[in-house]
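Undergrad: Sending over target_17.cif (mmCIF, C-alpha atoms and all ligand atoms).
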```cif
data_input
#
loop_
_atom_site.label_atom_id
_atom_site.label_comp_id
_atom_site.auth_asym_id
_atom_site.auth_seq_id
_atom_site.Cartn_x
_atom_site.Cartn_y
_atom_site.Cartn_z
CA MET F 1 -6.34 -12.85 -0.78
CA HIS F 2 -8.15 -15.74 -2.45
CA ALA F 3 -5.33 -18.20 -2.15
CA GLU F 4 -7.49 -21.13 -3.26
CA LYS F 5 -7.70 -19.67 -6.76
CA GLN F 6 -3.95 -19.30 -7.12
CA GLU F 7 -1.63 -21.76 -8.81
CA LEU F 8 -0.18 -24.42 -6.50
CA LEU F 9 3.61 -24.15 -6.48
CA VAL F 10 4.57 -26.81 -3.97
CA SER F 11 2.61 -29.23 -1.87
CA LEU F 12 3.88 -31.42 1.00
CA ASN F 13 1.66 -34.27 2.05
CA ASN F 14 2.53 -36.08 5.29
CA ALA F 15 6.18 -35.75 4.35
CA GLY F 16 8.93 -36.99 6.66
CA ILE F 17 12.71 -37.34 6.74
CA SER F 18 14.50 -40.08 8.60
CA ARG F 19 18.25 -40.15 9.30
CA ASN F 20 20.16 -42.82 11.23
CA GLY F 21 16.94 -44.45 12.37
CA ARG F 22 15.48 -41.20 13.74
CA TRP F 23 12.68 -39.07 12.31
CA LEU F 24 13.86 -35.47 11.98
CA VAL F 25 10.38 -34.39 10.92
CA ARG F 26 7.22 -36.37 10.23
CA GLY F 27 3.72 -35.71 9.01
CA VAL F 28 4.54 -32.35 7.44
CA SER F 29 1.75 -31.07 5.21
CA PHE F 30 1.44 -27.61 3.71
CA ASP F 31 0.97 -25.91 0.35
CA VAL F 32 2.52 -22.76 -1.07
CA ARG F 33 0.55 -21.01 -3.80
CA ARG F 34 1.50 -18.17 -6.08
CA GLY F 35 1.15 -14.80 -4.34
CA GLU F 36 1.06 -16.37 -0.87
CA ILE F 37 3.48 -16.07 2.07
CA VAL F 38 3.73 -19.20 4.18
CA SER F 39 5.84 -19.03 7.34
CA LEU F 40 7.37 -22.04 9.03
CA ILE F 41 7.92 -21.25 12.69
CA GLY F 42 9.10 -23.34 15.60
CA PRO F 43 11.96 -23.67 18.08
CA ASN F 44 15.54 -24.64 17.21
CA GLY F 45 15.76 -28.14 15.81
CA ALA F 46 12.03 -28.24 15.05
CA GLY F 47 12.69 -29.32 11.46
CA LYS F 48 12.02 -26.05 9.66
CA SER F 49 15.10 -26.12 7.42
CA THR F 50 14.62 -29.85 6.80
CA SER F 51 11.01 -29.24 5.73
CA ALA F 52 12.03 -26.35 3.46
CA LYS F 53 14.70 -28.55 1.88
CA MET F 54 12.03 -31.15 1.15
CA ALA F 55 9.90 -28.42 -0.43
CA ILE F 56 12.67 -27.34 -2.79
CA GLY F 57 13.89 -30.87 -3.56
CA VAL F 58 17.25 -30.84 -1.75
CA HIS F 59 15.93 -33.72 0.40
CA GLU F 60 13.60 -36.42 -0.93
CA PRO F 61 10.96 -37.40 1.65
CA ASP F 62 11.38 -40.84 3.25
CA GLU F 63 7.63 -41.03 3.71
CA GLY F 64 4.71 -39.04 2.31
CA SER F 65 5.06 -36.98 -0.83
CA VAL F 66 6.17 -33.63 -2.18
CA GLU F 67 4.85 -32.24 -5.44
CA ARG F 68 6.18 -29.21 -7.27
CA ALA F 69 4.66 -27.38 -10.25
CA ALA F 70 6.31 -28.34 -13.54
CA GLY F 71 9.25 -26.07 -14.39
CA LEU F 72 9.11 -24.36 -10.99
CA ARG F 73 11.87 -21.76 -10.60
CA ILE F 74 13.12 -21.51 -7.02
CA GLY F 75 15.07 -18.67 -5.40
CA TYR F 76 16.68 -19.88 -2.17
CA VAL F 77 18.37 -17.85 0.54
CA PRO F 78 20.10 -20.40 2.78
CA GLN F 79 20.49 -20.05 6.53
CA LYS F 80 24.26 -19.96 6.25
CA LEU F 81 26.50 -18.89 3.43
CA ASN F 82 30.17 -19.65 3.80
CA ILE F 83 32.04 -16.70 2.40
CA ASP F 84 35.79 -16.38 2.65
CA HIS F 85 36.09 -12.82 3.88
CA SER F 86 39.82 -12.72 3.18
CA LEU F 87 39.04 -12.60 -0.55
CA PRO F 88 37.63 -9.44 -2.11
CA LEU F 89 34.06 -9.89 -3.31
CA THR F 90 31.80 -7.16 -4.61
CA VAL F 91 28.02 -7.23 -4.29
CA ARG F 92 27.83 -7.55 -8.06
CA ARG F 93 30.07 -10.63 -8.03
CA LEU F 94 28.06 -12.15 -5.17
CA MET F 95 25.00 -11.90 -7.43
CA THR F 96 26.61 -13.81 -10.30
CA ILE F 97 28.73 -16.31 -8.37
CA THR F 98 26.38 -19.23 -9.09
CA GLY F 99 25.73 -18.30 -12.73
CA PRO F 100 25.71 -15.35 -15.12
CA LEU F 101 22.96 -12.75 -15.06
CA PRO F 102 22.17 -10.00 -17.55
CA ARG F 103 23.40 -6.62 -16.32
CA GLY F 104 19.84 -5.29 -16.28
CA ALA F 105 18.67 -8.11 -14.00
CA ILE F 106 21.44 -7.35 -11.48
CA SER F 107 20.58 -3.64 -11.32
CA GLU F 108 16.85 -4.33 -11.18
CA ALA F 109 17.19 -6.80 -8.30
CA LEU F 110 19.52 -4.51 -6.33
CA GLN F 111 17.13 -1.63 -6.90
CA ALA F 112 14.22 -3.76 -5.67
CA VAL F 113 15.98 -4.28 -2.33
CA GLY F 114 17.12 -0.64 -2.04
CA MET F 115 20.79 -1.35 -2.80
CA ALA F 116 21.14 0.06 -6.33
CA HIS F 117 24.03 2.26 -5.19
CA MET F 118 25.98 -0.64 -3.65
CA GLU F 119 26.75 -2.80 -6.67
CA LYS F 120 30.48 -2.19 -6.33
CA ALA F 121 30.59 -2.32 -2.52
CA GLU F 122 32.74 -5.02 -0.90
CA VAL F 123 30.57 -7.72 0.71
CA GLN F 124 32.77 -7.74 3.85
CA THR F 125 31.94 -4.08 4.52
CA LEU F 126 28.16 -4.58 4.43
CA SER F 127 26.07 -4.37 7.58
CA GLY F 128 24.03 -7.43 8.58
CA GLY F 129 20.87 -5.94 7.07
CA GLU F 130 22.62 -4.95 3.84
CA PHE F 131 24.08 -8.44 3.50
CA GLN F 132 20.64 -10.02 3.89
CA ARG F 133 19.27 -7.62 1.27
CA ALA F 134 22.09 -8.54 -1.11
CA LEU F 135 21.26 -12.23 -0.65
CA LEU F 136 17.61 -11.46 -1.28
CA ALA F 137 18.55 -9.58 -4.47
CA ARG F 138 20.59 -12.58 -5.57
CA ALA F 139 17.59 -14.87 -5.04
CA ILE F 140 15.06 -12.65 -6.85
CA ALA F 141 17.32 -11.75 -9.80
CA ARG F 142 16.34 -14.94 -11.62
CA LYS F 143 12.65 -14.17 -11.17
CA PRO F 144 11.70 -17.25 -9.15
CA ASP F 145 8.16 -18.60 -8.91
CA LEU F 146 8.93 -19.64 -5.34
CA LEU F 147 11.17 -17.69 -3.00
CA VAL F 148 12.46 -19.66 -0.01
CA LEU F 149 14.09 -17.71 2.80
CA ASP F 150 15.71 -19.55 5.68
CA GLU F 151 15.91 -17.16 8.65
CA PRO F 152 16.27 -13.99 6.57
CA VAL F 153 16.63 -11.64 9.55
CA GLN F 154 19.78 -13.07 11.10
CA GLY F 155 22.18 -10.31 12.06
CA VAL F 156 19.46 -7.73 11.51
CA ASP F 157 18.18 -5.48 14.30
CA TYR F 158 14.52 -5.19 15.22
CA SER F 159 13.63 -2.24 12.98
CA GLY F 160 15.65 -3.76 10.12
CA GLU F 161 13.73 -6.96 10.64
CA ILE F 162 10.40 -5.21 10.13
CA ALA F 163 11.75 -3.46 7.03
CA LEU F 164 12.97 -6.77 5.62
CA TYR F 165 9.62 -8.48 6.08
CA GLU F 166 7.94 -5.47 4.44
CA LEU F 167 10.34 -5.82 1.54
CA ILE F 168 9.62 -9.53 1.17
CA SER F 169 5.92 -8.71 1.06
CA GLU F 170 6.51 -6.06 -1.62
CA ILE F 171 8.55 -8.50 -3.71
CA ARG F 172 5.76 -11.05 -3.45
CA GLU F 173 3.29 -8.47 -4.74
CA ARG F 174 5.51 -7.14 -7.51
CA GLN F 175 6.75 -10.48 -8.81
CA GLY F 176 3.67 -12.55 -8.01
CA CYS F 177 5.83 -15.31 -6.55
CA GLY F 178 5.02 -17.55 -3.62
CA VAL F 179 7.18 -17.20 -0.49
CA LEU F 180 8.20 -19.81 2.05
CA LEU F 181 9.69 -18.06 5.05
CA ILE F 182 11.47 -19.79 7.91
CA SER F 183 11.97 -18.33 11.34
CA HIS F 184 12.56 -19.63 14.84
CA ASP F 185 11.53 -16.22 16.04
CA LEU F 186 7.98 -15.20 15.54
CA HIS F 187 7.22 -11.67 16.64
CA VAL F 188 7.21 -9.97 13.25
CA VAL F 189 7.02 -13.00 11.00
CA MET F 190 3.28 -13.06 11.48
CA ALA F 191 2.65 -9.57 10.20
CA ARG F 192 2.63 -10.24 6.48
CA THR F 193 2.01 -13.95 6.49
CA ASP F 194 -1.03 -15.58 4.95
CA THR F 195 -0.47 -19.00 6.49
CA VAL F 196 1.63 -20.03 9.49
CA VAL F 197 2.83 -23.60 9.92
CA CYS F 198 4.01 -24.20 13.44
CA LEU F 199 6.52 -27.06 13.58
CA ASN F 200 8.04 -29.06 16.39
CA GLY F 201 9.16 -32.31 14.77
CA HIS F 202 5.64 -32.47 13.34
CA VAL F 203 3.03 -29.85 12.46
CA CYS F 204 1.63 -28.56 15.78
CA CYS F 205 -0.88 -26.26 14.16
CA THR F 206 -1.43 -24.47 10.90
CA GLY F 207 -3.67 -21.67 9.68
CA SER F 208 -3.96 -17.89 9.52
CA PRO F 209 -1.70 -15.95 11.92
CA GLU F 210 -4.69 -15.09 14.08
CA ALA F 211 -5.96 -18.67 14.22
CA VAL F 212 -2.50 -20.05 15.04
CA SER F 213 -1.83 -17.38 17.68
CA GLY F 214 -5.05 -18.35 19.41
CA SER F 215 -4.43 -22.09 19.39
CA ASP F 216 -3.43 -24.01 22.50
CA ALA F 217 -0.61 -25.80 20.66
CA TYR F 218 0.99 -22.51 19.71
CA ARG F 219 0.67 -21.09 23.22
CA ALA F 220 2.21 -24.21 24.68
CA LEU F 221 5.17 -23.96 22.30
CA PHE F 222 5.87 -20.27 22.72
CA GLU F 223 4.44 -19.65 26.20
CA GLY F 224 4.39 -15.99 27.23
CA ARG F 225 5.62 -14.60 23.94
CA ALA F 226 2.42 -15.40 22.06
CA GLY F 227 0.50 -12.28 23.11
CA ASP F 228 3.13 -9.82 21.86
CA THR F 229 2.96 -11.23 18.38
CA LEU F 230 -0.74 -10.77 17.93
CA ALA F 231 -0.64 -7.24 19.29
CA LEU F 232 1.97 -6.31 16.73
CA TYR F 233 0.16 -8.12 13.96
CA ARG F 234 -3.03 -6.20 14.62
CA HIS F 235 -1.25 -2.93 15.01
CA HIS F 236 0.67 -3.29 11.79
CA HIS F 237 -2.36 -2.71 9.64
CA ASP F 238 -3.97 0.12 11.56
CA HIS F 239 -2.91 3.12 9.46
CA THR F 240 -1.15 4.15 6.27
CA HIS F 241 0.73 7.38 5.60
CA LEU F 242 -0.40 8.95 2.32
CA PRO F 243 2.11 10.65 0.00
CA ASP F 244 0.71 14.09 0.93
CA GLY F 245 1.46 13.51 4.61
CA ARG F 246 -2.07 12.71 5.75
CA VAL F 247 -2.97 9.45 7.45
CA ARG F 248 -5.53 6.87 6.33
CA HIS F 249 -6.87 4.77 9.22
CA ALA F 250 -8.06 1.18 9.25
CA ASP F 251 -11.70 2.34 9.04
CA GLY F 252 -10.93 4.28 5.82
CA SER F 253 -11.08 7.77 7.40
CA ILE F 254 -8.33 10.24 6.49
CA THR F 255 -6.89 12.78 8.94
CA GLU F 256 -3.94 15.15 9.19
CA ASP F 257 -0.89 13.40 10.63
CA SER F 258 -0.74 14.11 14.35
CA GLY F 259 2.87 12.94 14.41
CA HIS F 260 1.86 10.32 16.91
CA HIS F 261 2.84 6.72 16.44
CA HIS F 262 1.72 3.92 18.68
CA ASP F 263 4.93 1.98 18.68
CA HIS F 264 8.34 1.70 17.22
CA ALA F 265 7.32 -0.99 14.75
CA ALA F 266 4.82 1.14 12.88
CA GLU F 267 7.10 4.13 12.84
CA THR F 268 9.93 2.20 11.33
CA ASP F 269 7.67 0.64 8.77
CA GLU F 270 6.32 3.99 7.64
CA GLU F 271 9.66 5.72 7.67
CA ARG F 272 11.12 3.07 5.47
CA ARG F 273 8.24 3.18 3.01
CA HIS F 274 8.69 6.89 2.47
CA ALA F 275 12.46 6.96 2.59
N1 LIG B 1 21.63 -34.58 7.71
C1 LIG B 1 21.23 -34.73 8.97
N2 LIG B 1 21.51 -35.86 9.63
C2 LIG B 1 21.09 -36.03 10.91
N3 LIG B 1 20.38 -35.13 11.60
C3 LIG B 1 20.07 -33.99 10.99
C4 LIG B 1 20.47 -33.71 9.64
N4 LIG B 1 20.00 -32.49 9.29
C5 LIG B 1 19.36 -32.02 10.38
N5 LIG B 1 19.39 -32.90 11.38
C6 LIG B 1 18.72 -32.76 12.70
O1 LIG B 1 17.34 -32.59 12.42
C7 LIG B 1 16.73 -31.73 13.35
C8 LIG B 1 15.99 -30.61 12.61
O2 LIG B 1 16.93 -29.76 12.00
P1 LIG B 1 16.53 -28.46 11.20
O3 LIG B 1 17.78 -27.81 10.74
O4 LIG B 1 15.53 -28.81 10.19
O5 LIG B 1 15.84 -27.61 12.35
P2 LIG B 1 15.36 -26.09 12.34
O6 LIG B 1 13.95 -26.10 12.82
O7 LIG B 1 15.61 -25.47 11.01
O8 LIG B 1 16.28 -25.49 13.48
P3 LIG B 1 17.01 -24.05 13.67
O9 LIG B 1 15.97 -23.07 14.11
O10 LIG B 1 17.98 -24.37 14.79
O11 LIG B 1 17.68 -23.71 12.38
C9 LIG B 1 17.84 -31.26 14.25
O12 LIG B 1 17.79 -32.01 15.45
C10 LIG B 1 19.10 -31.54 13.47
O13 LIG B 1 20.18 -31.78 14.32
#
```
Could you rewrite the structure in this file as structure tokens?
Ligand SMILES: Nc1ncnc2c1ncn2[C@@H]1O[C@H](COP(=O)(O)OP(=O)(O)OP(=O)(O)O)[C@@H](O)[C@H]1O
TA:
Amino acid sequence: MHAEKQELLVSLNNAGISRNGRWLVRGVSFDVRRGEIVSLIGPNGAGKSTSAKMAIGVHEPDEGSVERAAGLRIGYVPQKLNIDHSLPLTVRRLMTITGPLPRGAISEALQAVGMAHMEKAEVQTLSGGEFQRALLARAIARKPDLLVLDEPVQGVDYSGEIALYELISEIRERQGCGVLLISHDLHVVMARTDTVVCLNGHVCCTGSPEAVSGSDAYRALFEGRAGDTLALYRHHHDHTHLPDGRVRHADGSITEDSGHHHDHAAETDEERRHA
């Protein structure tokens, strides 16, 4: 990806937020361009949500600056959504609760997240993964230029998590939007990310997943868990299952499928793609 040629959607420059005489985050700088996935990672309270809220304009920076492209359309999936589960609410209604949508846009968005058949389902009966997909559909239905996802894998199991990140990557490719992804957990986040911004009250390090994984600041922040991430990241790209059942390897060679998978992550990824 030649990110430098893509349109700049949002740019934070040394941005900071202060509340009650305390800096929640300071010195935050990153850009999100069209077609790019930028992940904000860091421990609880690191300032990820606060930084994302500066990016989308919910919070104005108290120092530094934030610039957004003129007329930027933002799709936001918040970390928490307070839904009164005692009231009936269909998936379709969830999609239109903040404003009307053409019928075609609802179906298209639900189809994009693999939930076309669930338009009339009650939200309270959805599994954690289905609920996250419904929220994603709601965010993409208005065709945003920038999709912002705050912890999109909450309540989703490990294989569902991989599937959801795959889906986000597909949406980015299909819609050509930029994606800002927030996670306190990092093991799969890296897989489809172009740029990782590692936060802990300030930007500890930033760069490609491989560069960040190898940095001392990242290791110090995540200690022993750093190695697992890179292993998965590398593995993720090592083969593709072709529609005829054969396998294309990272070196371009094509073989019959031996039925062997190296780990659960790849298997789930491939199963989902061909489901
Ligand atoms: N409006 C506010 N007033 C005062 N403090 C706040 C406010 N909003 C957030 N904070 C504090 O700012 C810090 C950063 O919060 P933020 O939600 O951005 O962290 P985070 O990295 O997203 O964390 P998590 O992974 O737990 O969601 C926290 O210590 C939080 O308590």
Undergrad: For CA of Leu110 in chain F and CA of Arg93 in chain F, quote the distance in Å rounded to one decimal.
TA: 12.3 Å
Undergrad: Could you tell me, counting all atoms listed in the file, which protein and nucleic acid residues lie no more than 12 Å from ligand LIG 1 (chain B), written as a PyMOL selection string?
TA: chain F and resi 16-26+28+40-54+58-60+78-80+149-152+154+181-186+197-203
Undergrad: Give me, as a CSV table (one decimal) with C-alpha atoms, keeping the file's coordinate frame, all polymer residues having an atom no more than 10 Å from range 168-172 of chain F, counting only C-alpha atoms and skipping those fewer than 4 positions away in the same chain.
TA:
```
chain,number,residue,atom,x,y,z
F,34,ARG,CA,1.5,-18.2,-6.1
F,35,GLY,CA,1.2,-14.8,-4.3
F,36,GLU,CA,1.1,-16.4,-0.9
F,37,ILE,CA,3.5,-16.1,2.1
F,109,ALA,CA,17.2,-6.8,-8.3
F,112,ALA,CA,14.2,-3.8,-5.7
F,113,VAL,CA,16.0,-4.3,-2.3
F,133,ARG,CA,19.3,-7.6,1.3
F,136,LEU,CA,17.6,-11.5,-1.3
F,140,ILE,CA,15.1,-12.6,-6.8
F,145,ASP,CA,8.2,-18.6,-8.9
F,146,LEU,CA,8.9,-19.6,-5.3
F,147,LEU,CA,11.2,-17.7,-3.0
F,149,LEU,CA,14.1,-17.7,2.8
F,152,PRO,CA,16.3,-14.0,6.6
F,162,ILE,CA,10.4,-5.2,10.1
F,163,ALA,CA,11.8,-3.5,7.0
F,164,LEU,CA,13.0,-6.8,5.6
F,176,GLY,CA,3.7,-12.6,-8.0
F,177,CYS,CA,5.8,-15.3,-6.6
F,178,GLY,CA,5.0,-17.6,-3.6
F,179,VAL,CA,7.2,-17.2,-0.5
F,181,LEU,CA,9.7,-18.1,5.0
F,191,ALA,CA,2.6,-9.6,10.2
F,192,ARG,CA,2.6,-10.2,6.5
F,193,THR,CA,2.0,-14.0,6.5
```
Undergrad: Determine the nearest neighbour of Arg174 in chain F from the options F:Arg33, F:Lys143, F:Tyr158, F:Phe131, counting all atoms listed in the file.
TA: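 Result for the nearest residue to Arg174 in chain F: F:Lys143.
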Undergrad: From the options F:Arg246, F:His85, F:Arg219, F:Arg73, which residue's atoms come nearest to Gln124 in chain F, counting all atoms listed in the file?
TA: F:His85
Undergrad: When you draw a straight line from CA of Glu173 in chain F to CA of Ser65 in chain F, how long is it in Å?
TA: 28.8 Å
Undergrad: Would you mind reading off the distance between CA of Phe30 in chain F and CA of Ala137 in chain F, one decimal, in Å?
TA: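 Between these atoms lies a distance of 26.2 Å.
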Undergrad: Between F:Val32, F:Ala141, F:Val66, F:Leu135, which residue has the minimum interatomic distance to Gly99 in chain F, considering only C-alpha atoms?
TA: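 Under the stated criterion, the closest residue is F:Ala141.
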Undergrad: Taking all atoms listed in the file into account, name the residue in F:Ile83, F:Met95, F:Leu167, F:Leu221 that is nearest to Gly129 in chain F.
TA: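 Between F:Ile83, F:Met95, F:Leu167, F:Leu221, the residue approaching Gly129 in chain F most closely is F:Leu167.
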Undergrad: Which is closest to Val196 in chain F among F:Ile106, F:Leu126, F:Ser29, F:Asn14, if we use only C-alpha atoms?
TA: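 The shortest atom-to-atom distance to Val196 in chain F comes from F:Ser29.
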Undergrad: From the list F:Tyr76, F:Thr195, F:Glu166, F:Ala139, which residue is nearest Thr96 in chain F when using only C-alpha atoms?
TA: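 Ranking F:Tyr76, F:Thr195, F:Glu166, F:Ala139 by distance to Thr96 in chain F, first place goes to F:Ala139.
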